[in-house]
Amino acid sequence: MPHQDLHPGPRNARAGRAAATATAAEARASAGPGSASGTRPVVKRTARAIVLDGDQLLLIKRTKPGMAPYWLTPGGGVEDDDPSVLAALHREIDEELGGKVVDTVPAFVDTVEHIADDGSHGVKVQYFFACRLESMDLARRHGPEVEEPVGTYEVVRVPFTRVGIASVDIVPLTLRHYLDANIEGVLGLLGPDLD
């Protein structure tokens, strides 16, 4: 069940804007190659969270057999039964962290070439949302990453500074570059005067 933000007021308005922004972007991105805009087909969408917990960035350290570790933001694929990209984000946060986030705002979009599971070619659009951690209970984690893991999923925190970001191998690389160049901007997105 997707998380529902029970906090009324401006912060909830942010979530509505984020969902509307993601939905509008999806509509533009899903226009096929024969459309007037000439866009590539979107074969996968993901929702990922740039989660701040105080002055720390929350990441997942992934270790797979035979591979060097890498760090990524919590989140994952948008499923057919997710009512929106934002709802998928809240579902993924619940699954991967047993957590809830607030003050969710769109921050960054990454589009890359992708081959879907069915072999179709197109692009994967990754929506990154800046947000703050409201709660987390790792004992509540569930879903494929927990129930049928391939390697390990370790929740870690790094300082949300250029040095902290550089201390780990964040993927995708475009996100790492975005964060390095926009620490102040991400903090501004979560500031009290944005509403």
# chains A, B, ... in the order shown; residues from 1 in each chain; ligands from 1
>>> residues_around(residues="Phe128 (chain A)", least_positions_apart="3", cutoff="10 Å", atoms="only C-alpha atoms", output="PyMOL selection string")
chain A and resi 22+46-51+73-75+86+89+104-110+125+131+175
>>> write_last_selection(atoms="N, CA and C atoms", output="JSON list (two decimals), in the first residue's frame")
[["chain", "number", "residue", "atom", "x", "y", "z"],
["A", 22, "ALA", "N", 5.88, 14.60, -12.39],
["A", 22, "ALA", "CA", 6.31, 13.30, -12.89],
["A", 22, "ALA", "C", 5.31, 12.77, -13.91],
["A", 46, "THR", "N", 11.92, 4.48, -13.26],
["A", 46, "THR", "CA", 12.25, 4.23, -11.86],
["A", 46, "THR", "C", 12.01, 5.51, -11.06],
["A", 47, "ALA", "N", 11.78, 5.31, -9.76],
["A", 47, "ALA", "CA", 11.62, 6.42, -8.83],
["A", 47, "ALA", "C", 12.67, 6.24, -7.74],
["A", 48, "ARG", "N", 13.50, 7.24, -7.55],
["A", 48, "ARG", "CA", 14.60, 7.14, -6.58],
["A", 48, "ARG", "C", 14.60, 8.35, -5.67],
["A", 49, "ALA", "N", 15.08, 8.15, -4.45],
["A", 49, "ALA", "CA", 15.02, 9.19, -3.43],
["A", 49, "ALA", "C", 16.41, 9.64, -3.01],
["A", 50, "ILE", "N", 16.63, 10.94, -3.10],
["A", 50, "ILE", "CA", 17.81, 11.57, -2.51],
["A", 50, "ILE", "C", 17.37, 11.89, -1.09],
["A", 51, "VAL", "N", 17.59, 10.95, -0.18],
["A", 51, "VAL", "CA", 17.06, 11.03, 1.19],
["A", 51, "VAL", "C", 18.08, 11.68, 2.11],
["A", 73, "THR", "N", 20.86, 5.35, -4.50],
["A", 73, "THR", "CA", 19.79, 5.92, -3.70],
["A", 73, "THR", "C", 18.67, 4.90, -3.59],
["A", 74, "PRO", "N", 17.92, 4.93, -2.48],
["A", 74, "PRO", "CA", 16.78, 4.02, -2.35],
["A", 74, "PRO", "C", 15.76, 4.28, -3.46],
["A", 75, "GLY", "N", 15.12, 3.23, -3.90],
["A", 75, "GLY", "CA", 14.10, 3.36, -4.93],
["A", 75, "GLY", "C", 14.14, 2.18, -5.87],
["A", 86, "LEU", "N", 5.41, 9.06, -7.94],
["A", 86, "LEU", "CA", 5.58, 9.40, -6.53],
["A", 86, "LEU", "C", 5.08, 8.27, -5.62],
["A", 89, "LEU", "N", 7.68, 5.68, -5.51],
["A", 89, "LEU", "CA", 8.77, 6.07, -4.62],
["A", 89, "LEU", "C", 8.44, 5.72, -3.17],
["A", 104, "THR", "N", 8.82, 15.74, -0.22],
["A", 104, "THR", "CA", 9.29, 15.14, -1.46],
["A", 104, "THR", "C", 9.10, 16.09, -2.64],
["A", 105, "VAL", "N", 10.21, 16.43, -3.32],
["A", 105, "VAL", "CA", 10.15, 17.32, -4.48],
["A", 105, "VAL", "C", 11.03, 16.76, -5.60],
["A", 106, "PRO", "N", 10.60, 16.94, -6.86],
["A", 106, "PRO", "CA", 11.44, 16.50, -7.98],
["A", 106, "PRO", "C", 12.77, 17.25, -7.98],
["A", 107, "ALA", "N", 13.86, 16.52, -8.24],
["A", 107, "ALA", "CA", 15.18, 17.15, -8.22],
["A", 107, "ALA", "C", 15.96, 16.93, -9.50],
["A", 108, "PHE", "N", 15.84, 15.76, -10.12],
["A", 108, "PHE", "CA", 16.76, 15.40, -11.20],
["A", 108, "PHE", "C", 16.12, 14.26, -12.01],
["A", 109, "VAL", "N", 16.34, 14.28, -13.31],
["A", 109, "VAL", "CA", 15.88, 13.19, -14.18],
["A", 109, "VAL", "C", 17.07, 12.70, -14.98],
["A", 110, "ASP", "N", 17.22, 11.39, -15.05],
["A", 110, "ASP", "CA", 18.31, 10.78, -15.83],
["A", 110, "ASP", "C", 17.68, 9.84, -16.84],
["A", 125, "VAL", "N", 13.92, 5.98, -17.84],
["A", 125, "VAL", "CA", 13.85, 7.31, -17.24],
["A", 125, "VAL", "C", 13.84, 7.12, -15.73],
["A", 131, "CYS", "N", 14.15, 14.52, -0.62],
["A", 131, "CYS", "CA", 13.19, 14.36, 0.48],
["A", 131, "CYS", "C", 13.95, 14.21, 1.79],
["A", 175, "LEU", "N", 24.10, 11.09, -11.49],
["A", 175, "LEU", "CA", 23.59, 11.54, -10.20],
["A", 175, "LEU", "C", 24.73, 12.04, -9.33]]
>>> select_by_dssp(residues="region 23-124 of chain A", states="alpha helix (DSSP H)", output="PyMOL selection string")
chain A and resi 23-29+85-97
>>> write_last_selection(atoms="N, CA, C and O atoms", output="PDB file, in the first residue's frame")
ATOM      1  N   THR A  23       4.010  12.927 -13.662  1.00  0.00           N
ATOM      2  CA  THR A  23       3.003  12.422 -14.584  1.00  0.00           C
ATOM      3  C   THR A  23       3.083  13.165 -15.911  1.00  0.00           C
ATOM      4  O   THR A  23       3.011  12.551 -16.975  1.00  0.00           O
ATOM      5  N   ALA A  24       3.250  14.469 -15.892  1.00  0.00           N
ATOM      6  CA  ALA A  24       3.371  15.237 -17.122  1.00  0.00           C
ATOM      7  C   ALA A  24       4.623  14.840 -17.888  1.00  0.00           C
ATOM      8  O   ALA A  24       4.601  14.693 -19.107  1.00  0.00           O
ATOM      9  N   ALA A  25       5.717  14.631 -17.164  1.00  0.00           N
ATOM     10  CA  ALA A  25       6.956  14.214 -17.819  1.00  0.00           C
ATOM     11  C   ALA A  25       6.803  12.838 -18.443  1.00  0.00           C
ATOM     12  O   ALA A  25       7.305  12.580 -19.536  1.00  0.00           O
ATOM     13  N   GLU A  26       6.089  11.936 -17.750  1.00  0.00           N
ATOM     14  CA  GLU A  26       5.861  10.598 -18.300  1.00  0.00           C
ATOM     15  C   GLU A  26       5.087  10.690 -19.613  1.00  0.00           C
ATOM     16  O   GLU A  26       5.407  10.004 -20.574  1.00  0.00           O
ATOM     17  N   ALA A  27       4.060  11.523 -19.627  1.00  0.00           N
ATOM     18  CA  ALA A  27       3.243  11.649 -20.829  1.00  0.00           C
ATOM     19  C   ALA A  27       4.091  12.130 -21.999  1.00  0.00           C
ATOM     20  O   ALA A  27       3.978  11.609 -23.113  1.00  0.00           O
ATOM     21  N   ARG A  28       4.956  13.106 -21.741  1.00  0.00           N
ATOM     22  CA  ARG A  28       5.832  13.591 -22.817  1.00  0.00           C
ATOM     23  C   ARG A  28       6.835  12.520 -23.227  1.00  0.00           C
ATOM     24  O   ARG A  28       7.118  12.334 -24.396  1.00  0.00           O
ATOM     25  N   ALA A  29       7.393  11.815 -22.227  1.00  0.00           N
ATOM     26  CA  ALA A  29       8.439  10.843 -22.516  1.00  0.00           C
ATOM     27  C   ALA A  29       7.899   9.599 -23.195  1.00  0.00           C
ATOM     28  O   ALA A  29       8.620   8.929 -23.919  1.00  0.00           O
ATOM     29  N   VAL A  85       4.385   7.921 -10.246  1.00  0.00           N
ATOM     30  CA  VAL A  85       5.810   7.771  -9.956  1.00  0.00           C
ATOM     31  C   VAL A  85       6.065   8.059  -8.479  1.00  0.00           C
ATOM     32  O   VAL A  85       6.831   7.347  -7.822  1.00  0.00           O
ATOM     33  N   LEU A  86       5.406   9.064  -7.941  1.00  0.00           N
ATOM     34  CA  LEU A  86       5.584   9.403  -6.528  1.00  0.00           C
ATOM     35  C   LEU A  86       5.080   8.270  -5.623  1.00  0.00           C
ATOM     36  O   LEU A  86       5.721   7.946  -4.619  1.00  0.00           O
ATOM     37  N   ALA A  87       3.975   7.650  -5.982  1.00  0.00           N
ATOM     38  CA  ALA A  87       3.471   6.512  -5.200  1.00  0.00           C
ATOM     39  C   ALA A  87       4.475   5.360  -5.245  1.00  0.00           C
ATOM     40  O   ALA A  87       4.695   4.677  -4.234  1.00  0.00           O
ATOM     41  N   ALA A  88       5.103   5.148  -6.398  1.00  0.00           N
ATOM     42  CA  ALA A  88       6.130   4.102  -6.516  1.00  0.00           C
ATOM     43  C   ALA A  88       7.303   4.409  -5.591  1.00  0.00           C
ATOM     44  O   ALA A  88       7.850   3.513  -4.940  1.00  0.00           O
ATOM     45  N   LEU A  89       7.675   5.676  -5.509  1.00  0.00           N
ATOM     46  CA  LEU A  89       8.771   6.072  -4.624  1.00  0.00           C
ATOM     47  C   LEU A  89       8.443   5.722  -3.169  1.00  0.00           C
ATOM     48  O   LEU A  89       9.261   5.113  -2.479  1.00  0.00           O
ATOM     49  N   HIS A  90       7.258   6.080  -2.717  1.00  0.00           N
ATOM     50  CA  HIS A  90       6.876   5.790  -1.332  1.00  0.00           C
ATOM     51  C   HIS A  90       6.808   4.280  -1.081  1.00  0.00           C
ATOM     52  O   HIS A  90       7.225   3.814  -0.012  1.00  0.00           O
ATOM     53  N   ARG A  91       6.333   3.519  -2.056  1.00  0.00           N
ATOM     54  CA  ARG A  91       6.305   2.055  -1.920  1.00  0.00           C
ATOM     55  C   ARG A  91       7.719   1.512  -1.792  1.00  0.00           C
ATOM     56  O   ARG A  91       8.009   0.671  -0.930  1.00  0.00           O
ATOM     57  N   GLU A  92       8.622   1.986  -2.623  1.00  0.00           N
ATOM     58  CA  GLU A  92      10.010   1.518  -2.590  1.00  0.00           C
ATOM     59  C   GLU A  92      10.698   1.885  -1.276  1.00  0.00           C
ATOM     60  O   GLU A  92      11.458   1.090  -0.729  1.00  0.00           O
ATOM     61  N   ILE A  93      10.439   3.080  -0.766  1.00  0.00           N
ATOM     62  CA  ILE A  93      11.027   3.491   0.517  1.00  0.00           C
ATOM     63  C   ILE A  93      10.538   2.564   1.630  1.00  0.00           C
ATOM     64  O   ILE A  93      11.307   2.152   2.500  1.00  0.00           O
ATOM     65  N   ASP A  94       9.257   2.213   1.594  1.00  0.00           N
ATOM     66  CA  ASP A  94       8.711   1.296   2.587  1.00  0.00           C
ATOM     67  C   ASP A  94       9.362  -0.077   2.458  1.00  0.00           C
ATOM     68  O   ASP A  94       9.757  -0.684   3.450  1.00  0.00           O
ATOM     69  N   GLU A  95       9.509  -0.580   1.221  1.00  0.00           N
ATOM     70  CA  GLU A  95      10.101  -1.902   1.006  1.00  0.00           C
ATOM     71  C   GLU A  95      11.574  -1.944   1.409  1.00  0.00           C
ATOM     72  O   GLU A  95      12.009  -2.855   2.106  1.00  0.00           O
ATOM     73  N   GLU A  96      12.353  -0.977   0.944  1.00  0.00           N
ATOM     74  CA  GLU A  96      13.805  -1.032   1.110  1.00  0.00           C
ATOM     75  C   GLU A  96      14.303  -0.531   2.452  1.00  0.00           C
ATOM     76  O   GLU A  96      15.370  -0.944   2.907  1.00  0.00           O
ATOM     77  N   LEU A  97      13.540   0.367   3.082  1.00  0.00           N
ATOM     78  CA  LEU A  97      13.999   0.956   4.341  1.00  0.00           C
ATOM     79  C   LEU A  97      13.041   0.709   5.499  1.00  0.00           C
ATOM     80  O   LEU A  97      13.375   1.023   6.639  1.00  0.00           O
TER      81      LEU A  97
END
>>> closest_residue(among="A:Gly54, A:Leu138, A:Glu113, A:Phe129", to="Glu154 (chain A)", atoms="only C-alpha atoms")
A:Leu138
>>> closest_residue(among="A:Arg176, A:Lys44, A:His121, A:Lys100", to="Glu134 (chain A)", atoms="only C-alpha atoms")
A:Lys100
>>> residues_around(residues="Ala181 (chain A)", least_positions_apart="5", cutoff="12 Å", atoms="only C-alpha atoms", output="PyMOL selection string")
chain A and resi 160-162+165-166+174-176+186
>>> write_last_selection(atoms="C-alpha atoms", output="PDB file, in the first residue's frame")
ATOM      1  CA  PHE A 160      25.939  15.427   2.441  1.00  0.00           C
ATOM      2  CA  THR A 161      29.080  17.283   1.414  1.00  0.00           C
ATOM      3  CA  ARG A 162      31.342  17.112  -1.617  1.00  0.00           C
ATOM      4  CA  ILE A 165      29.712  12.208  -1.920  1.00  0.00           C
ATOM      5  CA  ALA A 166      33.222  11.618  -3.306  1.00  0.00           C
ATOM      6  CA  THR A 174      25.175  11.415 -13.669  1.00  0.00           C
ATOM      7  CA  LEU A 175      23.587  11.542 -10.195  1.00  0.00           C
ATOM      8  CA  ARG A 176      26.983  11.730  -8.542  1.00  0.00           C
ATOM      9  CA  VAL A 186      19.134  20.270  -3.125  1.00  0.00           C
TER      10      VAL A 186
END
>>> closest_residue(among="A:Arg45, A:Gly98, A:Lys124, A:Asp193", to="Asp80 (chain A)", atoms="only C-alpha atoms")
A:Arg45
>>> closest_residue(among="A:Gly122, A:Pro172, A:Pro69, A:Gly99", to="Thr39 (chain A)", atoms="only C-alpha atoms")
A:Gly122
>>> closest_residue(among="A:Val168, A:Val163, A:Leu59, A:Met67", to="Asp180 (chain A)", atoms="only C-alpha atoms")
A:Val163
